[in-house]
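Report on one structure; see the data block that follows.
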Amino acid sequence: MIELSHIFKNFGDLQVIDDVSLKVSEGSVTALVGPSGGGKSTLLRCINLLEIPTSGTIRLGDAATEFSPGKKPGWDAIQKIRRQTGMVFQNFQLFPHRTALENVMEGLVTVLKWPRDKAESRARELLTKVGMAHKVDAWPATLSGGQQQRVAIARALALSPRVLLCDEPTSALDPELATEVVEVLSKLASEGTTMVIATHDLRLASRVADHAVFLEAGKVVEQGPADRVFGAPQHDRTRRFVSSIGAAQGGYGEGI
Ligand SMILES: Nc1ncnc2c1ncn2[C@@H]1O[C@H](COP(=O)(O)OP(=O)(O)OP(=O)(O)O)[C@@H](O)[C@H]1O
Ligand SMILES: [Mg+2]
């Protein structure tokens, strides 16, 4: 379980996250939605400490870290939280000079110090899970965006993170390729992978998420079961956002 309590994040004088508290239970999928600049990416980056919160507490499993202005958490505390998270980015960020297989093996060999043959068989398993078994030896530049993103998801899963954090995983993809990625995320969700996904893509969010959090100007305007937040929003602001985005998007088929 992940618990954020009273998280604030400032960049200089700009308050970007303003007293956000939320709980993510084991095996659940949380969608962070809301207008551009609302703080979705920053909040995700606070969970794995790519950004250090200005104040508040983050609990990830049995590791809890409290932040306060001017106090930098120790490297050990940061590593303890980071090691429990995997991150997937909008622009994939694969290592260009490594094959799909090597990209997935990298963390197992360098971080966990697994022998290469064991790392390779785990990486093959993960690439099979994301439907990329036929491309293990391909270079990232020769893969489509959807294929690169699926390799990136396999790489993020390699270290068996407690939570997979995805920042706009489908935004760089045209609809057909986005569908491939949605299928993979949906399968991971049904297998009980805990995920937090920042997305503009309501089709992805409504297909995959159990819980939705609507963020605007760094504040949680509304949160609750995804079908309620998307289907019957309580707040006028959420209602307007959902109808403006929903109208512009089609569906990913089943589940919408
Ligand atoms: N490193 C930074 N330094 C200063 N300001 C930042 C930094 N990172 C983000 N911001 C600001 O924080 C606010 C929230 O940005 P963030 O990227 O978290 O929003 P978002 O909800 O992910 O937006 P989008 O939907 O466009 O991805 C914005 O006003 C942004 O300009
Ligand atoms: Mg963002």
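To be explicit about the labels: the chains of the structure tokens are called A, B, and onward in the order shown, and within each one the residues are counted from 1, while ligands get numbers from 1 in the order they are shown.
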Item to complete: Find the residues near range 53-64 of chain A: any atom within 10 Å, counting only C-alpha atoms, skip ones fewer than 6 places away on the same chain, and give them as JSON, numbers by chain.
Response: {"A": [1, 2, 3, 4, 5, 6, 7, 8, 9, 10, 11, 15, 17, 18, 19, 20, 21, 22, 23, 24, 26, 42, 43, 45, 46, 47, 70, 71, 72, 77, 78, 80, 81, 82, 84, 85, 162, 163]}
Export, as a PDB file, in the first residue's frame, the selected residues with C-alpha atoms.
```pdb
ATOM      1  CA  MET A   1       0.000   0.000   0.000  1.00  0.00           C
ATOM      2  CA  ILE A   2       1.128   3.533  -0.758  1.00  0.00           C
ATOM      3  CA  GLU A   3       0.005   6.408   1.356  1.00  0.00           C
ATOM      4  CA  LEU A   4       0.649  10.066   0.633  1.00  0.00           C
ATOM      5  CA  SER A   5      -0.196  12.377   3.523  1.00  0.00           C
ATOM      6  CA  HIS A   6      -0.371  16.131   3.171  1.00  0.00           C
ATOM      7  CA  ILE A   7       2.108  16.367   0.329  1.00  0.00           C
ATOM      8  CA  PHE A   8       3.173  19.844  -0.724  1.00  0.00           C
ATOM      9  CA  LYS A   9       5.657  20.620  -3.487  1.00  0.00           C
ATOM     10  CA  ASN A  10       6.937  24.061  -4.320  1.00  0.00           C
ATOM     11  CA  PHE A  11       9.260  25.104  -7.109  1.00  0.00           C
ATOM     12  CA  GLN A  15       3.162  25.821  -5.221  1.00  0.00           C
ATOM     13  CA  ILE A  17       1.204  20.297  -5.174  1.00  0.00           C
ATOM     14  CA  ASP A  18      -1.034  21.657  -2.472  1.00  0.00           C
ATOM     15  CA  ASP A  19      -1.863  19.350   0.415  1.00  0.00           C
ATOM     16  CA  VAL A  20      -2.524  16.110  -1.452  1.00  0.00           C
ATOM     17  CA  SER A  21      -3.376  12.997   0.529  1.00  0.00           C
ATOM     18  CA  LEU A  22      -4.226   9.693  -1.075  1.00  0.00           C
ATOM     19  CA  LYS A  23      -4.063   5.975  -0.498  1.00  0.00           C
ATOM     20  CA  VAL A  24      -3.323   3.366  -3.136  1.00  0.00           C
ATOM     21  CA  GLU A  26      -2.245  -3.216  -3.136  1.00  0.00           C
ATOM     22  CA  THR A  42       4.909  16.226 -10.344  1.00  0.00           C
ATOM     23  CA  LEU A  43       2.817  14.112  -7.984  1.00  0.00           C
ATOM     24  CA  ARG A  45       7.555  12.065  -9.537  1.00  0.00           C
ATOM     25  CA  CYS A  46       7.092  12.781  -5.842  1.00  0.00           C
ATOM     26  CA  ILE A  47       6.042   9.155  -5.266  1.00  0.00           C
ATOM     27  CA  GLY A  70      15.111  22.573   4.129  1.00  0.00           C
ATOM     28  CA  LYS A  71      15.663  18.968   5.241  1.00  0.00           C
ATOM     29  CA  LYS A  72      16.986  16.630   2.575  1.00  0.00           C
ATOM     30  CA  ALA A  77      15.701   6.564   2.536  1.00  0.00           C
ATOM     31  CA  ILE A  78      15.434   7.724  -1.089  1.00  0.00           C
ATOM     32  CA  LYS A  80      14.426   2.423  -0.213  1.00  0.00           C
ATOM     33  CA  ILE A  81      11.427   4.137  -1.805  1.00  0.00           C
ATOM     34  CA  ARG A  82      12.822   4.215  -5.356  1.00  0.00           C
ATOM     35  CA  GLN A  84       9.962  -0.226  -4.821  1.00  0.00           C
ATOM     36  CA  THR A  85       8.787   1.713  -7.860  1.00  0.00           C
ATOM     37  CA  ARG A 162       5.621  -2.723  -5.572  1.00  0.00           C
ATOM     38  CA  VAL A 163       4.041  -0.087  -7.807  1.00  0.00           C
TER      39      VAL A 163
END
```
Practice prompt. Residues within 10 Å of ligand 2, counting only C-alpha atoms and all ligand atoms: report them as a ChimeraX atom specification.
Written response: /A:32-45,89-90,167-168,198-200
Worksheet item: Could you name the residues that touch range 138-151 of chain A at 8 Å or less, counting only C-alpha atoms, but leaving out those on the same chain fewer than 4 positions away, as a PyMOL selection string?
Response: chain A and resi 88+91-92+94-100+103-104+127+130-132+155+169+172-173+177-178+180-181+184
File of the preceding selection, C-alpha atoms, as a PDB file, in the first residue's frame:
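What follows is the written file out_16.pdb:
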```pdb
ATOM      1  CA  VAL A  88       7.123   4.361 -17.482  1.00  0.00           C
ATOM      2  CA  ASN A  91       8.667   9.101 -24.468  1.00  0.00           C
ATOM      3  CA  PHE A  92       9.738   5.538 -23.497  1.00  0.00           C
ATOM      4  CA  LEU A  94      14.836   3.091 -23.756  1.00  0.00           C
ATOM      5  CA  PHE A  95      18.621   2.826 -24.025  1.00  0.00           C
ATOM      6  CA  PRO A  96      19.130   3.312 -27.787  1.00  0.00           C
ATOM      7  CA  HIS A  97      22.277   1.206 -28.048  1.00  0.00           C
ATOM      8  CA  ARG A  98      20.798  -1.831 -26.374  1.00  0.00           C
ATOM      9  CA  THR A  99      18.382  -4.341 -27.818  1.00  0.00           C
ATOM     10  CA  ALA A 100      14.917  -4.855 -26.345  1.00  0.00           C
ATOM     11  CA  ASN A 103      17.066  -2.993 -22.050  1.00  0.00           C
ATOM     12  CA  VAL A 104      14.985  -5.281 -19.870  1.00  0.00           C
ATOM     13  CA  LEU A 127       8.894  -9.442 -23.015  1.00  0.00           C
ATOM     14  CA  VAL A 130       3.958  -7.643 -23.046  1.00  0.00           C
ATOM     15  CA  GLY A 131       3.646  -9.370 -26.430  1.00  0.00           C
ATOM     16  CA  MET A 132       7.192  -8.590 -27.564  1.00  0.00           C
ATOM     17  CA  ARG A 155      11.860  -2.980 -18.221  1.00  0.00           C
ATOM     18  CA  PRO A 169       2.005   6.128 -21.275  1.00  0.00           C
ATOM     19  CA  ALA A 172       2.944   9.892 -27.743  1.00  0.00           C
ATOM     20  CA  LEU A 173       1.129   7.156 -29.659  1.00  0.00           C
ATOM     21  CA  LEU A 177      -0.564   1.870 -31.124  1.00  0.00           C
ATOM     22  CA  ALA A 178      -2.073   3.298 -27.951  1.00  0.00           C
ATOM     23  CA  GLU A 180      -1.641  -2.113 -27.815  1.00  0.00           C
ATOM     24  CA  VAL A 181      -0.315  -0.382 -24.732  1.00  0.00           C
ATOM     25  CA  VAL A 184      -0.914  -4.584 -21.865  1.00  0.00           C
TER      26      VAL A 184
END
```
Worksheet entry | Residues flagged alpha helix (DSSP H) by DSSP in range 153-244 of chain A, as an MDAnalysis selection string | chainID A and resid 153:157 175:190 202:208 226:231 236:244
Discussion item. Can you tell me which residues surround Asp227 in chain A at a distance of at most 7 Å, considering only C-alpha atoms, apart from same-chain residues fewer than 3 positions away, and format the answer as an MDAnalysis selection string?
Written reply: chainID A and resid 206 230:231
Print the selection's residues with C-alpha atoms to a file, as a short mmCIF file (atom, residue, chain, number, x, y, z; two decimals), in the first residue's frame.
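Written output follows (again-v3.cif):
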```
data_model
loop_
_atom_site.label_atom_id
_atom_site.label_comp_id
_atom_site.auth_asym_id
_atom_site.auth_seq_id
_atom_site.Cartn_x
_atom_site.Cartn_y
_atom_site.Cartn_z
CA SER A 206 -11.81 4.30 -17.62
CA PHE A 230 -15.95 9.45 -14.85
CA GLY A 231 -19.60 8.39 -15.01
#
```
Response to the item:
Of A:Arg240, A:Ile245, A:Ala217, A:Ile153, the one nearest to Gln93 in chain A when counting only C-alpha atoms is A:Ile153
